[in-house]
Each structure stands twice: as structure tokens, then as C-alpha cells.
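Printed here is input_39.json (JSON, C-alpha atoms):
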[["chain", "number", "residue", "atom", "x", "y", "z"],
["H", 1431, "MET", "CA", 242.10, 27.53, -106.27],
["H", 1432, "ALA", "CA", 241.91, 24.92, -109.02],
["H", 1433, "PRO", "CA", 238.78, 22.76, -109.13],
["H", 1434, "LEU", "CA", 239.15, 19.34, -107.56],
["H", 1435, "PRO", "CA", 239.12, 16.30, -109.84],
["H", 1436, "PRO", "CA", 236.09, 14.01, -109.75],
["H", 1437, "LEU", "CA", 236.20, 11.21, -107.17],
["H", 1438, "ALA", "CA", 235.62, 8.57, -109.86],
["H", 1439, "THR", "CA", 236.59, 8.24, -113.52],
["H", 1440, "ILE", "CA", 234.63, 7.80, -116.72],
["H", 1441, "THR", "CA", 236.25, 4.37, -117.15],
["H", 1442, "GLN", "CA", 235.10, 3.32, -113.68],
["H", 1443, "LEU", "CA", 231.56, 4.51, -114.49],
["H", 1444, "GLU", "CA", 231.52, 2.56, -117.76],
["H", 1445, "ASP", "CA", 232.64, -0.56, -115.88],
["H", 1446, "TRP", "CA", 230.05, 0.13, -113.15],
["H", 1447, "LEU", "CA", 227.28, 0.41, -115.75],
["H", 1448, "GLN", "CA", 228.67, -2.57, -117.70],
["H", 1449, "VAL", "CA", 228.82, -0.69, -120.98],
["H", 1450, "PRO", "CA", 231.67, -0.80, -123.51],
["H", 1451, "ARG", "CA", 234.58, 1.48, -122.69],
["H", 1452, "GLY", "CA", 234.51, 4.65, -124.74],
["H", 1453, "SER", "CA", 230.72, 4.50, -125.20],
["H", 1454, "ALA", "CA", 229.75, 7.05, -122.53],
["H", 1455, "PRO", "CA", 228.92, 10.59, -123.72],
["H", 1456, "VAL", "CA", 232.01, 12.31, -122.29],
["H", 1457, "ASN", "CA", 230.55, 15.79, -121.67],
["H", 1458, "THR", "CA", 227.43, 14.47, -119.94],
["H", 1459, "VAL", "CA", 229.29, 11.92, -117.83],
["H", 1460, "THR", "CA", 232.05, 14.39, -116.87],
["H", 1461, "LEU", "CA", 229.44, 16.89, -115.67],
["H", 1462, "ALA", "CA", 227.54, 14.19, -113.75],
["H", 1463, "LEU", "CA", 230.77, 12.94, -112.10],
["H", 1464, "ASP", "CA", 231.73, 16.51, -111.13],
["H", 1465, "ILE", "CA", 228.30, 17.16, -109.61],
["H", 1466, "ALA", "CA", 228.18, 13.82, -107.75],
["H", 1467, "SER", "CA", 231.74, 14.32, -106.45],
["H", 1468, "ASP", "CA", 230.87, 17.81, -105.19],
["H", 1469, "MET", "CA", 227.76, 16.48, -103.42],
["H", 1470, "VAL", "CA", 229.75, 13.70, -101.74],
["H", 1471, "ARG", "CA", 232.53, 16.08, -100.68],
["H", 1472, "ARG", "CA", 230.04, 18.55, -99.21],
["H", 1473, "GLU", "CA", 228.15, 15.87, -97.30],
["H", 1474, "ALA", "CA", 231.36, 14.27, -95.99],
["H", 1475, "ARG", "CA", 232.85, 17.73, -95.31],
["H", 1476, "THR", "CA", 236.18, 16.63, -96.75],
["H", 1477, "THR", "CA", 237.92, 16.82, -100.12],
["H", 1478, "PHE", "CA", 239.32, 13.26, -100.14],
["H", 1479, "THR", "CA", 242.75, 14.65, -100.97],
["H", 1480, "VAL", "CA", 245.91, 15.09, -98.91],
["H", 1481, "ARG", "CA", 246.44, 18.64, -97.71],
["H", 1482, "THR", "CA", 248.32, 20.61, -95.09],
["H", 1483, "SER", "CA", 246.50, 22.83, -92.60],
["H", 1484, "THR", "CA", 247.72, 25.36, -90.07],
["H", 1485, "LEU", "CA", 245.00, 26.30, -87.63],
["H", 1486, "SER", "CA", 244.38, 27.51, -84.13],
["H", 1487, "VAL", "CA", 242.78, 24.47, -82.49],
["H", 1488, "ARG", "CA", 241.13, 24.09, -79.11],
["H", 1489, "ILE", "CA", 242.99, 22.34, -76.29],
["H", 1490, "ASP", "CA", 240.63, 20.18, -74.25],
["H", 1491, "GLU", "CA", 242.15, 18.66, -71.10],
["H", 1492, "GLY", "CA", 245.58, 18.38, -72.70],
["H", 1493, "ARG", "CA", 244.27, 16.93, -75.95],
["H", 1494, "ILE", "CA", 244.02, 18.57, -79.36],
["H", 1495, "ALA", "CA", 241.60, 16.87, -81.77],
["H", 1496, "LEU", "CA", 242.62, 17.33, -85.42],
["H", 1497, "ALA", "CA", 240.73, 16.79, -88.66],
["H", 1498, "GLY", "CA", 241.96, 13.53, -90.10],
["H", 1499, "PRO", "CA", 242.98, 11.13, -91.05],
["H", 1500, "VAL", "CA", 246.19, 12.68, -89.74],
["H", 1501, "ARG", "CA", 249.26, 11.67, -91.74],
["H", 1502, "SER", "CA", 251.82, 13.76, -89.83],
["H", 1503, "VAL", "CA", 252.13, 16.78, -87.51],
["H", 1504, "THR", "CA", 254.76, 19.36, -88.42],
["H", 1505, "SER", "CA", 254.46, 21.72, -85.48],
["H", 1506, "VAL", "CA", 252.53, 22.41, -82.29],
["H", 1507, "GLU", "CA", 252.74, 25.87, -80.75],
["H", 1508, "VAL", "CA", 251.15, 26.81, -77.43],
["H", 1509, "ALA", "CA", 251.30, 30.29, -75.91],
["H", 1510, "GLY", "CA", 253.92, 31.35, -78.46],
["H", 1511, "ARG", "CA", 256.21, 28.40, -77.64],
["H", 1512, "THR", "CA", 256.97, 25.68, -80.20],
["H", 1513, "LEU", "CA", 256.64, 22.30, -78.51],
["H", 1514, "THR", "CA", 258.96, 19.34, -79.16],
["H", 1515, "GLU", "CA", 257.56, 16.01, -80.33],
["H", 1516, "SER", "CA", 258.10, 13.10, -77.90],
["H", 1517, "THR", "CA", 259.07, 15.52, -75.13],
["H", 1518, "ASP", "CA", 256.10, 17.91, -75.05],
["H", 1519, "TRP", "CA", 253.55, 16.08, -77.17],
["H", 1520, "GLU", "CA", 252.78, 12.85, -79.00],
["H", 1521, "LEU", "CA", 250.30, 11.89, -81.69],
["H", 1522, "ASP", "CA", 247.61, 9.35, -80.83],
["H", 1523, "GLY", "CA", 245.55, 8.69, -83.94],
["H", 1524, "ASP", "CA", 244.02, 12.03, -84.90],
["H", 1525, "THR", "CA", 244.73, 13.62, -81.50],
["H", 1526, "VAL", "CA", 247.79, 15.48, -80.22],
["H", 1527, "CYS", "CA", 248.30, 14.64, -76.54],
["H", 1528, "LEU", "CA", 250.28, 17.16, -74.52],
["H", 1529, "ALA", "CA", 252.82, 15.54, -72.22],
["H", 1530, "SER", "CA", 252.05, 17.83, -69.29],
["H", 1531, "PRO", "CA", 248.42, 18.90, -69.67],
["H", 1532, "TYR", "CA", 248.44, 20.61, -66.28],
["H", 1533, "HIS", "CA", 251.25, 22.88, -67.53],
["H", 1534, "TRP", "CA", 248.97, 24.11, -70.35],
["H", 1535, "ARG", "CA", 245.84, 24.38, -68.19],
["H", 1536, "THR", "CA", 245.50, 28.13, -68.75],
["H", 1537, "CYS", "CA", 245.99, 27.81, -72.52],
["H", 1538, "ARG", "CA", 242.86, 27.23, -74.53],
["H", 1539, "ARG", "CA", 244.24, 27.04, -78.05],
["H", 1540, "ALA", "CA", 247.25, 25.70, -79.92],
["H", 1541, "ARG", "CA", 248.51, 26.55, -83.38],
["H", 1542, "VAL", "CA", 249.05, 23.25, -85.19],
["H", 1543, "THR", "CA", 250.37, 22.45, -88.65],
["H", 1544, "TRP", "CA", 249.55, 18.98, -89.90],
["H", 1545, "GLU", "CA", 249.09, 16.92, -93.06],
["H", 1546, "HIS", "CA", 245.82, 15.06, -93.34],
["H", 1547, "GLY", "CA", 243.50, 13.40, -95.80],
["H", 1548, "TRP", "CA", 243.40, 10.48, -98.18],
["H", 1549, "PRO", "CA", 246.16, 9.76, -100.72],
["H", 1550, "ILE", "CA", 243.68, 7.42, -102.46],
["H", 1551, "VAL", "CA", 239.92, 7.93, -102.49],
["H", 1552, "PRO", "CA", 238.30, 5.16, -100.40],
["H", 1553, "MET", "CA", 236.55, 2.64, -102.65],
["H", 1554, "GLU", "CA", 233.34, 3.05, -100.66],
["H", 1555, "VAL", "CA", 233.34, 6.73, -101.64],
["H", 1556, "VAL", "CA", 234.09, 5.88, -105.30],
["H", 1557, "GLY", "CA", 231.10, 3.51, -105.22],
["H", 1558, "LEU", "CA", 228.82, 6.21, -103.80],
["H", 1559, "VAL", "CA", 229.88, 8.67, -106.51],
["H", 1560, "LEU", "CA", 229.30, 6.01, -109.17],
["H", 1561, "ASP", "CA", 225.83, 5.24, -107.76],
["H", 1562, "VAL", "CA", 224.78, 8.91, -107.79],
["H", 1563, "THR", "CA", 226.25, 9.43, -111.27],
["H", 1564, "ALA", "CA", 224.62, 6.27, -112.63],
["H", 1565, "ARG", "CA", 221.19, 7.40, -111.41],
["H", 1566, "ALA", "CA", 221.65, 10.73, -113.19],
["H", 1567, "CYS", "CA", 222.96, 9.19, -116.42],
["H", 1568, "VAL", "CA", 220.68, 6.15, -116.69],
["H", 1569, "ASN", "CA", 217.50, 8.03, -115.88],
["H", 1570, "PRO", "CA", 218.21, 11.68, -116.80],
["H", 1571, "LYS", "CA", 214.51, 12.55, -117.13],
["H", 1572, "ASN", "CA", 213.77, 11.28, -113.60],
["H", 1573, "LEU", "CA", 211.10, 8.90, -114.84],
["H", 1574, "ARG", "CA", 209.22, 6.45, -112.63],
["H", 1575, "GLN", "CA", 208.10, 4.36, -115.59],
["H", 1576, "GLU", "CA", 208.61, 4.47, -119.34],
["H", 1577, "ALA", "CA", 206.79, 2.57, -122.09],
["H", 1578, "THR", "CA", 207.34, 2.38, -125.83],
["H", 1579, "GLY", "CA", 205.13, -0.01, -127.78],
["H", 1580, "GLN", "CA", 205.11, -3.40, -126.09],
["H", 1581, "ARG", "CA", 208.14, -2.62, -123.93],
["H", 1582, "SER", "CA", 207.76, -1.06, -120.48],
["H", 1583, "VAL", "CA", 210.48, -0.17, -117.98],
["H", 1584, "THR", "CA", 209.72, 0.58, -114.34],
["H", 1585, "PHE", "CA", 212.56, 1.94, -112.25],
["H", 1586, "ALA", "CA", 213.12, 0.03, -109.00],
["H", 1587, "SER", "CA", 212.33, 2.91, -106.66],
["H", 1588, "GLU", "CA", 211.30, 6.51, -106.73],
["H", 1589, "THR", "CA", 213.87, 8.41, -108.69],
["H", 1590, "LEU", "CA", 216.53, 10.21, -106.72],
["H", 1591, "ALA", "CA", 218.19, 11.76, -109.77],
["H", 1592, "THR", "CA", 221.37, 13.56, -108.78],
["H", 1593, "SER", "CA", 220.92, 13.52, -105.04],
["H", 1594, "LEU", "CA", 222.12, 11.49, -102.11],
["H", 1595, "ALA", "CA", 219.88, 8.81, -100.62],
["H", 1596, "GLN", "CA", 219.70, 8.66, -96.83],
["H", 1597, "VAL", "CA", 221.78, 5.46, -96.79],
["H", 1598, "GLU", "CA", 224.51, 7.30, -98.72],
["H", 1599, "VAL", "CA", 224.40, 10.24, -96.30],
["H", 1600, "ASP", "CA", 224.72, 7.76, -93.43],
["H", 1601, "LYS", "CA", 227.75, 6.09, -95.04],
["H", 1602, "LEU", "CA", 229.48, 9.44, -95.51],
["H", 1603, "ALA", "CA", 229.06, 10.31, -91.82],
["H", 1604, "ARG", "CA", 232.19, 8.26, -90.98],
["H", 1605, "TYR", "CA", 234.33, 10.59, -93.15],
["H", 1606, "ARG", "CA", 233.19, 13.85, -91.52],
["H", 1607, "PRO", "CA", 235.77, 15.59, -89.34],
["H", 1608, "GLN", "CA", 235.03, 14.77, -85.72],
["H", 1609, "ARG", "CA", 234.78, 17.33, -82.98],
["H", 1610, "SER", "CA", 236.26, 16.64, -79.59],
["H", 1611, "LEU", "CA", 234.00, 14.21, -77.75],
["H", 1612, "THR", "CA", 234.43, 16.11, -74.51],
["H", 1613, "SER", "CA", 233.67, 19.76, -74.08],
["H", 1614, "ARG", "CA", 233.06, 22.18, -71.28],
["H", 1615, "TRP", "CA", 230.56, 24.98, -71.20],
["H", 1616, "GLY", "CA", 232.13, 28.41, -71.13],
["H", 1617, "ARG", "CA", 235.42, 27.41, -72.73]]
As C-alpha cells, what does this structure read like?
Amino acid sequence: MAPLPPLATITQLEDWLQVPRGSAPVNTVTLALDIASDMVRREARTTFTVRTSTLSVRIDEGRIALAGPVRSVTSVEVAGRTLTESTDWELDGDTVCLASPYHWRTCRRARVTWEHGWPIVPMEVVGLVLDVTARACVNPKNLRQEATGQRSVTFASETLATSLAQVEVDKLARYRPQRSLTSRWGR
């Protein structure tokens, strides 16, 4: 599988840092963007790309919760039978609702093929990647304070280097795939 592209560009980082375009050290910045993008993807548990999945998914009271955002559902198969959209099921947000849940009461799983993800990386996510990358590039030595001659620079907070702050982790929570809100023990 080919590596995923970074979630932000060098040009966006240069604009974010308010430095002239073309002035960033390309190798350093590319590596920092790749690392920050990987950290954000892992924390959000999503790639921020559009992809197609075919999985066996749990049926919970006639509802099938899918990883989203769901763009389209190609097929729903229950107990070896391919169901028909509008007749046997309908899509409600990121959930497939079976038309006759009582009919599928004994079935616990469905095989679903669907397209999901983001065609464009959300700007909030781009901003988070730029923040993490900027911290790594602006303060690569992870200094708290630096002084040369009569000039002294104190960084605003404890250095986080290339890591996610708790506020960033909290923001990424909204992008994590959601599990069904209802569950039953023993199912």
C-alpha cells in the first residue's frame, strides 16, 4: 500500500508560519508534515481520504452503524441474501436501517460495502497538523528558553515538540469512527 500524502502542504505551513514561500527547508518540513499527519491519523483513527470498505458489521436492533462519514452504500447482504435499497433498507446518516428489523432478528451480522471518508481534509485537521509541525520546526531542540547575547527568547509553554496536546486530542475525538450507541451483553 502506498504511503498516504501529508494532511497539509509545505505552502500551507509557510503561510501558517508567515515566512516567504520557498524558504522552508523542504526535507525537514516534509518529514515533520509526514510525522504530524501520521500522528493525527492515528489519534483520529481515520485516514481523511475517501475509501471503499466491505466488512461484516454487527446488526443491532435492525440498525447497522458504519464508519463514516458515509458517502454511499453499494450493497447490504444479510444471511446470504442481498437486500434492496428502499425496499429492505435505507441509509440514515452513517447508519443502515433495515426495513423489517423483526425479520432479521436472528441475524447478528451483515456484509456491507460502502464508500466513506473525506474528499477534502477538514480545515480543522489541517490546522492541527500545521500546529504540530510548526512546534517541531520552530523549536526543533525542544527548548524552554534560549539566550544569545542581549537577546532572550522564552517559549510560551512547555515544549510539546512533535506530539499532540490534550486539546488537539480532544478535537480529533469527533473524527473517530463511532461504535453503536446501544449494545447488548452476550451478542
Between CA of His1546 (chain H) and CA of Val1500 (chain H), distance in Å (one decimal): 4.3 Å
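A straight line drawn from CA of Glu1473 (chain H) to CA of Arg1565 (chain H) is 17.9 Å long.
Distances to Val1599 (chain H) were evaluated for H:Pro1499, H:Thr1504, H:Leu1521, H:Ala1474 using all atoms listed in the file, and the minimum falls at H:Ala1474.
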Closest pair table for region 1508-1586 of chain H residues within 12 Å of region 1435-1445 of chain H, only C-alpha atoms, as CSV:
residue,atom,partner,partner_atom,distance
H:Trp1548,CA,H:Leu1437,CA,11.5
H:Pro1549,CA,H:Leu1437,CA,12.0
H:Ile1550,CA,H:Leu1437,CA,9.6
H:Val1551,CA,H:Leu1437,CA,6.8
H:Pro1552,CA,H:Leu1437,CA,9.3
H:Met1553,CA,H:Ala1438,CA,9.4
H:Glu1554,CA,H:Leu1437,CA,10.8
H:Val1555,CA,H:Leu1437,CA,7.7
H:Val1556,CA,H:Ala1438,CA,5.5
H:Gly1557,CA,H:Ala1438,CA,8.2
H:Leu1558,CA,H:Ala1438,CA,9.4
H:Val1559,CA,H:Ala1438,CA,6.6
H:Leu1560,CA,H:Leu1443,CA,6.0
H:Asp1561,CA,H:Leu1443,CA,8.9
H:Val1562,CA,H:Leu1443,CA,10.5
H:Thr1563,CA,H:Leu1443,CA,7.9
H:Ala1564,CA,H:Leu1443,CA,7.4
H:Arg1565,CA,H:Leu1443,CA,11.2
H:Ala1566,CA,H:Leu1443,CA,11.8
H:Cys1567,CA,H:Leu1443,CA,10.0
H:Val1568,CA,H:Leu1443,CA,11.2
As JSON, please: the centre and edge lengths in Å, to one decimal, of an axis-aligned box enclosing every listed atom of region 1507-1521 of chain H with 4 Å added on each side.
{"center_x": 254.7, "center_y": 21.6, "center_z": -78.4, "size_x": 16.8, "size_y": 27.5, "size_z": 14.6}
Proximity to Arg1475 (chain H) - best of H:Asp1522, H:Leu1513, H:Thr1543, H:Gly1498, all atoms listed in the file: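 Nearest to Arg1475 (chain H): H:Gly1498.
For the atom pair formed by CA of Arg1481 (chain H) and CA of Leu1594 (chain H), the distance is 25.7 Å, given to one decimal.
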Point (246.4, 16.0, -92.7) neighbourhood (12 Å, all atoms listed in the file) written as an MDAnalysis selection string: chainID H and resid 1476:1485 1495:1504 1523:1525 1542:1549 1607
Pick from H:Leu1434, H:Val1506, H:Leu1447, H:Cys1537 nearest to Val1459 (chain H), counting all atoms listed in the file: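 Using all atoms listed in the file, the shortest distance to Val1459 (chain H) belongs to H:Leu1447.
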Using all atoms listed in the file, which protein or nucleic acid residues come within 9 Å of Asp1518 (chain H)? Drop anything in the same chain fewer than 2 positions from it, and give the result as a PDB file with C-alpha atoms, in the frame of the given file.
ATOM      1  CA  LEU H1513     256.640  22.300 -78.510  1.00  0.00           C
ATOM      2  CA  THR H1514     258.960  19.340 -79.160  1.00  0.00           C
ATOM      3  CA  GLU H1515     257.560  16.010 -80.330  1.00  0.00           C
ATOM      4  CA  SER H1516     258.100  13.100 -77.900  1.00  0.00           C
ATOM      5  CA  GLU H1520     252.780  12.850 -79.000  1.00  0.00           C
ATOM      6  CA  CYS H1527     248.300  14.640 -76.540  1.00  0.00           C
ATOM      7  CA  LEU H1528     250.280  17.160 -74.520  1.00  0.00           C
ATOM      8  CA  ALA H1529     252.820  15.540 -72.220  1.00  0.00           C
ATOM      9  CA  SER H1530     252.050  17.830 -69.290  1.00  0.00           C
TER      10      SER H1530
END
Counting all atoms listed in the file, the residue of H:Ala1432, H:Ala1454, H:Leu1463, H:Ala1540 that sits nearest Thr1512 (chain H):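 Among H:Ala1432, H:Ala1454, H:Leu1463, H:Ala1540, it is H:Ala1540 that comes nearest to Thr1512 (chain H).
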